[in-house]
$ cat model_38.txt   # compact mmCIF, C-alpha atoms
# COMPACT_ATOMS: atom_id res chain seq x y z
CA MET A 1 80.65 16.22 255.19
CA GLN A 2 83.83 14.42 256.17
CA TRP A 3 86.34 13.03 253.67
CA VAL A 4 87.04 9.48 254.75
CA PHE A 5 87.81 8.09 251.33
CA PRO A 6 91.29 9.63 250.83
CA HIS A 7 92.45 8.43 254.23
CA ASN A 8 91.31 4.87 253.50
CA LEU A 9 92.79 5.04 250.04
CA TYR A 10 96.20 5.94 251.45
CA LEU A 11 95.96 3.06 253.89
CA ILE A 12 95.04 0.64 251.11
CA ILE A 13 97.92 1.83 248.94
CA TRP A 14 100.35 1.57 251.84
CA VAL A 15 99.24 -1.99 252.64
CA TYR A 16 99.43 -2.93 248.96
CA LEU A 17 102.98 -1.59 248.65
CA ILE A 18 104.19 -3.35 251.79
CA LEU A 19 102.60 -6.66 250.81
CA SER A 20 103.79 -6.53 247.21
CA TYR A 21 107.35 -5.73 248.32
CA THR A 22 107.31 -8.55 250.89
CA ILE A 23 105.86 -11.07 248.46
CA LYS A 24 108.27 -10.06 245.69
CA ARG A 25 111.20 -10.31 248.08
CA GLU A 26 110.13 -13.71 249.42
CA TYR A 27 109.55 -15.31 246.04
CA ASN A 28 112.69 -13.92 244.41
CA LEU A 29 115.08 -15.42 246.93
CA PRO A 30 117.18 -18.08 245.25
CA THR A 31 116.96 -20.29 248.32
CA MET A 32 113.16 -20.49 248.01
CA SER A 33 113.46 -22.89 245.10
CA SER A 34 115.65 -25.93 245.26
CA ALA A 35 115.56 -26.48 241.49
CA TRP A 36 118.83 -24.66 240.87
CA LYS A 37 120.43 -26.46 243.82
CA ASP A 38 119.38 -29.83 242.46
CA ARG A 39 120.71 -28.94 239.01
CA PHE A 40 123.95 -27.60 240.49
CA ALA A 41 124.51 -30.73 242.61
CA HIS A 42 123.73 -33.04 239.67
CA GLU A 43 126.16 -31.25 237.35
CA ILE A 44 128.92 -31.12 239.97
CA ARG A 45 128.55 -34.85 240.65
CA SER A 46 128.61 -35.51 236.91
CA ALA A 47 131.73 -33.35 236.57
CA ARG A 48 133.49 -35.25 239.32
CA ALA A 49 132.53 -38.61 237.80
CA ALA A 50 133.76 -37.49 234.37
CA ARG A 51 137.06 -36.33 235.88
CA GLN A 52 137.52 -39.64 237.68
CA GLN A 53 136.99 -41.44 234.37
CA GLY A 54 139.63 -39.25 232.74
CA ASN A 55 137.13 -37.28 230.65
CA GLU A 56 138.25 -33.74 231.52
CA GLY A 57 136.30 -32.25 228.60
CA GLN A 58 133.00 -33.58 229.94
CA ALA A 59 133.99 -32.42 233.46
CA ARG A 60 134.42 -28.87 232.11
CA VAL A 61 131.03 -28.99 230.36
CA CYS A 62 129.31 -30.15 233.55
CA ALA A 63 131.09 -27.52 235.64
CA ARG A 64 129.92 -24.81 233.22
CA ARG A 65 126.34 -26.09 233.41
CA ALA A 66 126.53 -26.07 237.23
CA ALA A 67 127.76 -22.47 237.12
CA GLY A 68 124.96 -21.65 234.67
CA ALA A 69 122.36 -22.92 237.16
CA ALA A 70 123.85 -20.69 239.87
CA ILE A 71 124.04 -17.68 237.55
CA ARG A 72 120.39 -18.09 236.56
CA ALA A 73 119.38 -18.25 240.25
CA TYR A 74 121.40 -15.09 240.95
CA LEU A 75 119.94 -13.17 238.00
CA ASP A 76 116.41 -14.24 238.94
CA ALA A 77 116.97 -13.15 242.54
CA LYS A 78 118.24 -9.76 241.38
CA GLY A 79 115.23 -9.29 239.12
CA TYR A 80 117.24 -9.34 235.88
CA PHE A 81 115.69 -10.83 232.79
CA ALA A 82 117.60 -13.96 231.87
CA PRO A 83 116.36 -15.39 228.60
CA PRO A 84 116.49 -19.13 228.02
CA ALA A 85 120.17 -19.52 227.37
CA SER A 86 123.04 -21.95 227.62
CA ALA A 87 125.45 -21.85 230.53
CA TYR A 88 127.99 -20.29 228.20
CA GLU A 89 125.59 -17.45 227.31
CA LEU A 90 124.71 -16.95 230.98
CA CYS A 91 128.41 -16.54 231.79
CA ARG A 92 128.66 -13.88 229.08
CA LEU A 93 125.57 -12.19 230.53
CA LEU A 94 127.16 -12.20 233.99
CA LEU A 95 130.24 -10.47 232.59
CA ASP A 96 127.99 -7.59 231.49
CA CYS A 97 126.13 -7.40 234.80
CA PRO A 98 126.99 -4.02 236.38
CA ASP A 99 126.85 -4.99 240.05
CA VAL A 100 129.17 -8.00 240.25
CA GLN A 101 132.60 -8.09 241.84
CA SER A 102 135.79 -8.29 239.82
CA GLU A 103 136.44 -11.81 241.13
CA VAL A 104 133.04 -12.91 239.80
CA ARG A 105 133.98 -11.44 236.43
CA ALA A 106 137.30 -13.31 236.53
CA ILE A 107 135.55 -16.61 237.22
CA ALA A 108 133.00 -15.96 234.47
CA ALA A 109 135.88 -15.23 232.10
CA ARG A 110 137.60 -18.51 233.04
CA LEU A 111 134.34 -20.37 232.46
CA LEU A 112 134.36 -18.91 228.94
CA LEU A 113 137.95 -19.92 228.16
CA ARG A 114 138.55 -22.03 225.09
CA VAL A 115 140.82 -25.05 225.29
CA ASN A 116 144.15 -25.09 223.46
CA GLU A 117 145.10 -27.44 220.63
CA GLU A 118 145.77 -30.23 223.15
CA HIS A 119 142.24 -29.71 224.54
CA ASP A 120 143.53 -28.32 227.82
CA LEU A 121 142.81 -25.16 229.78
CA PRO A 122 145.70 -23.08 231.11
CA PRO A 123 147.47 -24.62 234.14
CA GLY A 124 145.76 -23.99 237.46
CA VAL A 125 142.26 -23.47 236.03
CA ASP A 126 139.71 -25.76 237.69
CA LEU A 127 136.19 -25.02 236.54
CA ILE A 128 134.62 -27.27 239.19
CA GLU A 129 136.28 -25.23 241.94
CA ASP A 130 135.30 -22.06 240.08
CA ALA A 131 131.65 -23.12 240.05
CA PHE A 132 131.71 -23.53 243.84
CA ARG A 133 133.53 -20.23 244.35
CA LEU A 134 131.03 -18.48 242.08
CA THR A 135 128.08 -19.60 244.21
CA SER A 136 129.82 -18.28 247.30
CA LEU A 137 130.61 -14.91 245.72
CA LEU A 138 127.06 -14.53 244.41
CA GLY A 139 125.67 -15.18 247.89
CA LEU A 140 124.12 -18.51 246.98
CA ASP A 141 124.30 -21.70 249.04
CA PRO A 142 124.19 -24.90 246.98
CA GLU A 143 123.94 -26.94 250.20
CA ILE A 144 126.50 -29.49 249.08
CA ASP A 145 129.92 -29.87 250.57
CA PRO A 146 132.80 -29.86 248.07
CA ASP A 147 134.95 -31.69 250.63
CA ALA A 148 132.41 -34.53 250.81
CA LEU A 149 132.62 -34.88 247.04
CA GLY A 150 136.41 -35.05 247.23
CA LEU A 151 136.89 -31.82 245.33
CA ARG A 152 139.16 -30.12 247.85
$ encode --input "model_38.txt" --output "structure tokens"
Amino acid sequence: MQWVFPHNLYLIIWVYLILSYTIKREYNLPTMSSAWKDRFAHEIRSARAARQQGNEGQARVCARRAAGAAIRAYLDAKGYFAPPASAYELCRLLLDCPDVQSEVRAIAARLLLRVNEEHDLPPGVDLIEDAFRLTSLLGLDPEIDPDALGLR
């Protein structure tokens, strides 16, 4: 009597592992869903509009929300559990993420900065630019041009 079952079982397991890895990889790519890109673009446009109207506080809020959309896409792509959270909480979560670069941590820290008594951030801090830089460092492509929005 010949044992065919174990050989077929190994083949089935091998096919299952290959397919599950491929499917998991395909569906976890942040570029597969445009939802984060739409949210990012909306918040960046809102930030720019707020800045043009002289409402720098609202521009900072929108820039943080744009960064939050990118951070959620990154965490989802990496397979990390990201609970429903505000952009602020997602920035704090990114600070604790073990595999991010020091520049990513620096941007996340700037996104968490509190304003001073005059409601200003330290000189040279631009959270809209930071949101764009963050997407680049995390390997995400928001598919919008900051130059076209007049941000650079």
$ atom_distance --input "model_38.txt" --atom1 "atom CA of A:Asp126" --atom2 "atom CA of A:Arg110"
8.9 Å
$ residues_around --input "model_38.txt" --residues "A:Gln101" --least-positions-apart "3" --cutoff "12 Å" --atoms "all atoms listed in the file" --output "list in words"
Leu94, Leu95, Asp96, Cys97, Pro98, Val104, Arg105, Ala106, Ile107, Ala108, Leu134, Ser136, Leu137, Leu138 and Gly139 of chain A
$ residues_around --input "model_38.txt" --residues "A:Ala87" --least-positions-apart "5" --cutoff "10 Å" --atoms "all atoms listed in the file" --output "VMD selection string"
chain A and resid 61 to 72 92 to 93 111 to 112
$ atom_distance --input "model_38.txt" --atom1 "atom CA of A:Glu89" --atom2 "atom CA of A:Gly57"
18.3 Å
$ atom_distance --input "model_38.txt" --atom1 "atom CA of A:Ile44" --atom2 "atom CA of A:Ile128"
6.9 Å
$ residues_around --input "model_38.txt" --residues "A:Arg45" --least-positions-apart "3" --cutoff "10 Å" --atoms "only C-alpha atoms" --output "list in words"
Arg39, Phe40, Ala41, His42, Arg48, Ala49, Ala50, Arg51, Ala59, Cys62, Ala63, Ala66, Ile128, Pro146 and Leu149 of chain A
$ write_last_selection --input "model_38.txt" --atoms "C-alpha atoms" --output "PDB file, in the frame of the given file"
ATOM      1  CA  ARG A  39     120.710 -28.940 239.010  1.00  0.00           C
ATOM      2  CA  PHE A  40     123.950 -27.600 240.490  1.00  0.00           C
ATOM      3  CA  ALA A  41     124.510 -30.730 242.610  1.00  0.00           C
ATOM      4  CA  HIS A  42     123.730 -33.040 239.670  1.00  0.00           C
ATOM      5  CA  ARG A  48     133.490 -35.250 239.320  1.00  0.00           C
ATOM      6  CA  ALA A  49     132.530 -38.610 237.800  1.00  0.00           C
ATOM      7  CA  ALA A  50     133.760 -37.490 234.370  1.00  0.00           C
ATOM      8  CA  ARG A  51     137.060 -36.330 235.880  1.00  0.00           C
ATOM      9  CA  ALA A  59     133.990 -32.420 233.460  1.00  0.00           C
ATOM     10  CA  CYS A  62     129.310 -30.150 233.550  1.00  0.00           C
ATOM     11  CA  ALA A  63     131.090 -27.520 235.640  1.00  0.00           C
ATOM     12  CA  ALA A  66     126.530 -26.070 237.230  1.00  0.00           C
ATOM     13  CA  ILE A 128     134.620 -27.270 239.190  1.00  0.00           C
ATOM     14  CA  PRO A 146     132.800 -29.860 248.070  1.00  0.00           C
ATOM     15  CA  LEU A 149     132.620 -34.880 247.040  1.00  0.00           C
TER      16      LEU A 149
END
$ residues_around --input "model_38.txt" --residues "A:Pro142" --least-positions-apart "2" --cutoff "7 Å" --atoms "all atoms listed in the file" --output "short mmCIF file (atom, residue, chain, number, x, y, z; two decimals) with C-alpha atoms, keeping the file's coordinate frame"
data_model
loop_
_atom_site.label_atom_id
_atom_site.label_comp_id
_atom_site.auth_asym_id
_atom_site.auth_seq_id
_atom_site.Cartn_x
_atom_site.Cartn_y
_atom_site.Cartn_z
CA LYS A 37 120.43 -26.46 243.82
CA LEU A 140 124.12 -18.51 246.98
CA ILE A 144 126.50 -29.49 249.08
#
$ closest_residue --input "model_38.txt" --among "A:Leu113, A:Asp76, A:Ser34, A:Arg133" --to "A:Tyr88" --atoms "all atoms listed in the file"
A:Leu113
$ axis_aligned_box --input "model_38.txt" --around "stretch 103-106 of chain A" --padding-each-side "6 Å" --output "lines of an AutoDock Vina configuration file"
center_x = 135.2
center_y = -12.4
center_z = 238.8
size_x = 16.3
size_y = 13.9
size_z = 16.7
